[in-house]
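Colleague: My file is run39.cif. It has mmCIF, C-alpha atoms:
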data_coords
#
loop_
_atom_site.group_PDB
_atom_site.id
_atom_site.type_symbol
_atom_site.label_atom_id
_atom_site.label_comp_id
_atom_site.auth_asym_id
_atom_site.auth_seq_id
_atom_site.Cartn_x
_atom_site.Cartn_y
_atom_site.Cartn_z
ATOM 1 C CA SER A 1 88.224 -77.616 159.970
ATOM 2 C CA SER A 2 89.441 -80.390 157.730
ATOM 3 C CA CYS A 3 92.334 -78.274 156.488
ATOM 4 C CA SER A 4 95.861 -79.435 157.291
ATOM 5 C CA GLU A 5 98.319 -76.715 158.185
ATOM 6 C CA PRO A 6 101.697 -77.340 156.542
ATOM 7 C CA TYR A 7 104.906 -77.405 158.532
ATOM 8 C CA PRO A 8 107.571 -74.952 157.438
ATOM 9 C CA PRO A 9 110.931 -76.329 156.353
ATOM 10 C CA ALA A 10 113.981 -75.791 158.509
ATOM 11 C CA ALA A 11 116.033 -72.757 157.595
ATOM 12 C CA VAL A 12 119.473 -73.378 156.115
ATOM 13 C CA ASP A 13 122.689 -71.477 156.695
ATOM 14 C CA GLY A 14 123.862 -70.201 153.333
ATOM 15 C CA ASN A 15 127.393 -69.946 154.687
ATOM 16 C CA ALA A 16 127.523 -73.651 155.483
ATOM 17 C CA VAL A 17 125.359 -75.459 152.908
ATOM 18 C CA THR A 18 126.429 -77.224 149.756
ATOM 19 C CA TYR A 19 124.859 -76.473 146.403
ATOM 20 C CA ASP A 20 122.799 -79.670 146.632
ATOM 21 C CA GLN A 21 121.580 -78.743 150.109
ATOM 22 C CA LEU A 22 120.593 -75.283 148.891
ATOM 23 C CA LYS A 23 118.785 -76.837 145.943
ATOM 24 C CA ALA A 24 116.919 -79.164 148.334
ATOM 25 C CA ALA A 25 116.066 -76.187 150.540
ATOM 26 C CA ALA A 26 114.624 -74.403 147.494
ATOM 27 C CA HIS A 27 112.483 -77.434 146.755
ATOM 28 C CA ASP A 28 111.309 -77.629 150.388
ATOM 29 C CA ALA A 29 110.449 -73.919 150.417
ATOM 30 C CA ASN A 30 108.483 -74.243 147.179
ATOM 31 C CA VAL A 31 106.592 -77.286 148.456
ATOM 32 C CA PHE A 32 105.750 -75.380 151.635
ATOM 33 C CA MET A 33 104.533 -72.354 149.665
ATOM 34 C CA LYS A 34 102.259 -74.537 147.521
ATOM 35 C CA ALA A 35 100.956 -76.408 150.572
ATOM 36 C CA SER A 36 100.318 -73.072 152.279
ATOM 37 C CA ASP A 37 98.353 -71.807 149.278
ATOM 38 C CA ASP A 38 96.281 -74.998 149.378
ATOM 39 C CA TYR A 39 95.768 -74.611 153.137
ATOM 40 C CA GLN A 40 94.601 -71.023 152.767
ATOM 41 C CA SER A 41 92.220 -72.005 149.949
ATOM 42 C CA CYS A 42 90.884 -74.817 152.095
ATOM 43 C CA LEU A 43 90.276 -72.447 155.028
ATOM 44 C CA ASN A 44 88.438 -69.997 152.788
ATOM 45 C CA SER A 45 86.342 -72.759 151.214
ATOM 46 C CA ASP A 46 85.554 -74.200 154.621
ATOM 47 C CA TYR A 47 84.362 -70.822 155.861
ATOM 48 C CA MET A 48 82.221 -70.254 152.773
ATOM 49 C CA ALA A 49 80.624 -73.684 153.188
ATOM 50 C CA GLN A 50 79.842 -72.991 156.829
ATOM 51 C CA ALA A 51 78.395 -69.552 156.010
ATOM 52 C CA GLU A 52 76.257 -71.028 153.223
ATOM 53 C CA ALA A 53 75.014 -73.810 155.485
ATOM 54 C CA ALA A 54 74.105 -71.284 158.168
ATOM 55 C CA ALA A 55 72.209 -69.151 155.649
ATOM 56 C CA LYS A 56 70.274 -72.190 154.434
ATOM 57 C CA SER A 57 69.469 -73.494 157.898
ATOM 58 C CA LYS A 58 65.846 -73.532 159.069
ATOM 59 C CA ASP A 59 66.404 -70.816 161.664
ATOM 60 C CA LYS A 60 68.611 -68.696 159.323
ATOM 61 C CA LYS A 61 70.899 -68.113 162.277
ATOM 62 C CA PRO A 62 74.037 -66.262 161.160
ATOM 63 C CA LEU A 63 77.408 -67.915 161.482
ATOM 64 C CA ASP A 64 79.167 -67.224 164.770
ATOM 65 C CA PRO A 65 81.577 -64.307 164.126
ATOM 66 C CA SER A 66 84.279 -66.069 166.133
ATOM 67 C CA ILE A 67 84.549 -68.644 163.332
ATOM 68 C CA LYS A 68 85.535 -65.937 160.835
ATOM 69 C CA ALA A 69 87.949 -64.426 163.365
ATOM 70 C CA ASP A 70 89.548 -67.835 163.961
ATOM 71 C CA ILE A 71 89.955 -68.477 160.234
ATOM 72 C CA ASP A 72 91.358 -64.983 159.677
ATOM 73 C CA ALA A 73 93.907 -65.581 162.451
ATOM 74 C CA LYS A 74 94.960 -68.878 160.858
ATOM 75 C CA LEU A 75 95.261 -67.228 157.438
ATOM 76 C CA GLU A 76 97.357 -64.392 158.839
ATOM 77 C CA ALA A 77 99.636 -66.736 160.792
ATOM 78 C CA ASN A 78 100.215 -68.919 157.748
ATOM 79 C CA GLN A 79 100.879 -65.915 155.531
ATOM 80 C CA LYS A 80 103.474 -64.634 157.990
ATOM 81 C CA GLU A 81 105.074 -68.097 158.041
ATOM 82 C CA LYS A 82 105.240 -68.067 154.228
ATOM 83 C CA GLU A 83 106.940 -64.672 154.319
ATOM 84 C CA LYS A 84 109.373 -65.910 156.963
ATOM 85 C CA VAL A 85 110.284 -69.032 154.966
ATOM 86 C CA GLY A 86 110.788 -66.945 151.835
ATOM 87 C CA ALA A 87 112.970 -64.412 153.646
ATOM 88 C CA GLU A 88 115.058 -67.135 155.306
ATOM 89 C CA PHE A 89 115.637 -68.882 152.002
ATOM 90 C CA ASN A 90 116.540 -65.645 150.223
ATOM 91 C CA THR A 91 119.003 -64.822 153.008
ATOM 92 C CA ALA A 92 120.578 -68.257 152.591
ATOM 93 C CA VAL A 93 120.911 -67.757 148.822
ATOM 94 C CA VAL A 94 122.580 -64.362 149.284
ATOM 95 C CA ALA A 95 125.015 -65.826 151.826
ATOM 96 C CA TYR A 96 125.739 -68.841 149.603
ATOM 97 C CA LYS A 97 126.404 -66.643 146.565
ATOM 98 C CA ALA A 98 128.680 -64.385 148.582
ATOM 99 C CA LYS A 99 130.702 -67.384 149.684
ATOM 100 C CA HIS A 100 130.667 -69.067 146.250
ATOM 101 C CA PRO A 101 130.963 -66.287 143.671
#
Please lay out the structure from this file as structure tokens.
Modeller:
Amino acid sequence: SSCSEPYPPAAVDGNAVTYDQLKAAAHDANVFMKASDDYQSCLNSDYMAQAEAAAKSKDKKPLDPSIKADIDAKLEANQKEKEKVGAEFNTAVVAYKAKHP
């Protein structure tokens, strides 16, 4: 696949960060979420292109099912990473707000 998996940002400790650090963490989380959406779209497009090419091939041989399973695993792993990043950031915001009412 030509799709580049994004790296998640480091989690921040809401009890120890400054406002500017929290703001930067928000930016990093948002960039990661957008990159993850792009990655997932790329994986889906890549699969569709491979399936279409297989259907148009001379022998009409179906696409190997392991390709779909591999893409599904990558999609699921990235989705879980997105959820983790979101939860970590939200936890940091709650902790920051508790410390800085």
Colleague: Return as a list of chain:residue names the set of residues that the PyMOL selection byres ((chain A and resi 13) around 12) yields on the displayed structure.
Modeller: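 Applying the expression gives A:Ala10, A:Ala11, A:Val12, A:Gly14, A:Asn15, A:Ala16, A:Val17, A:Thr18, A:Tyr19, A:Gln21, A:Leu22, A:Ala25, A:Glu88, A:Phe89, A:Asn90, A:Thr91, A:Ala92, A:Val93, A:Val94, A:Ala95, A:Tyr96, A:Lys97, A:Lys99.
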Colleague: Find, counting all atoms listed in the file, the residue in A:His100, A:Tyr39, A:Lys58, A:Asp46 that gets nearest to Leu75 in chain A.
Modeller: A:Tyr39
Colleague: Taking only C-alpha atoms into account, which of A:Ser57, A:Gln50, A:Ser41, A:Asn30 comes nearest Ser4 in chain A?
Modeller: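 Of A:Ser57, A:Gln50, A:Ser41, A:Asn30, the one nearest Ser4 in chain A is A:Ser41, counting only C-alpha atoms.
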Colleague: Work out how far CA of Ser36 in chain A is from CA of Pro62 in chain A, in Å to one decimal.
Modeller: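 Atom-to-atom, CA of Pro62 in chain A and CA of Ser36 in chain A are spaced 28.6 Å apart.
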Colleague: Can you work out the spacing between CA of Ala87 in chain A and CA of Tyr47 in chain A in Å, to one decimal?
Modeller: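 Interatomic distance here is 29.4 Å.
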Colleague: Adding 4 Å on each side of the box along x, y and z that holds all listed atoms of range 58-61 of chain A, could you give its centre and edge lengths in Å to one decimal, as JSON?
Modeller:
{"center_x": 68.4, "center_y": -70.8, "center_z": 160.7, "size_x": 13.1, "size_y": 13.4, "size_z": 11.2}
Colleague: Just give me the gap between CA of Phe32 in chain A and CA of Lys74 in chain A in Å, one decimal is fine.
Modeller: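 About the pair CA of Phe32 in chain A and CA of Lys74 in chain A: they are 15.6 Å apart.
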Colleague: Just checking: using all atoms listed in the file, which residue out of A:Ala54, A:Pro101, A:Lys68, A:Glu81 ends up closest to Pro9 in chain A?
Modeller: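 Closest to Pro9 in chain A, using all atoms listed in the file: A:Glu81.
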Colleague: Pick out the closest residue to Ala49 in chain A from this set: A:Val85, A:Glu5, A:Ile67, A:Ala35. Count only C-alpha atoms.
Modeller: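 Smallest distance to Ala49 in chain A is found for A:Ile67.
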Colleague: From the set A:Ala73, A:Ala55, A:Ala98, A:Cys3, which residue has the shortest atom-to-atom contact distance to Asp38 in chain A, counting all atoms listed in the file?
Modeller: A:Cys3
Colleague: Given only C-alpha atoms as the basis, pick out the residue of A:Lys60, A:Ala24, A:Ile71, A:Lys84 nearest to Met48 in chain A.
Modeller: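 Between A:Lys60, A:Ala24, A:Ile71, A:Lys84, the residue approaching Met48 in chain A most closely is A:Ile71.
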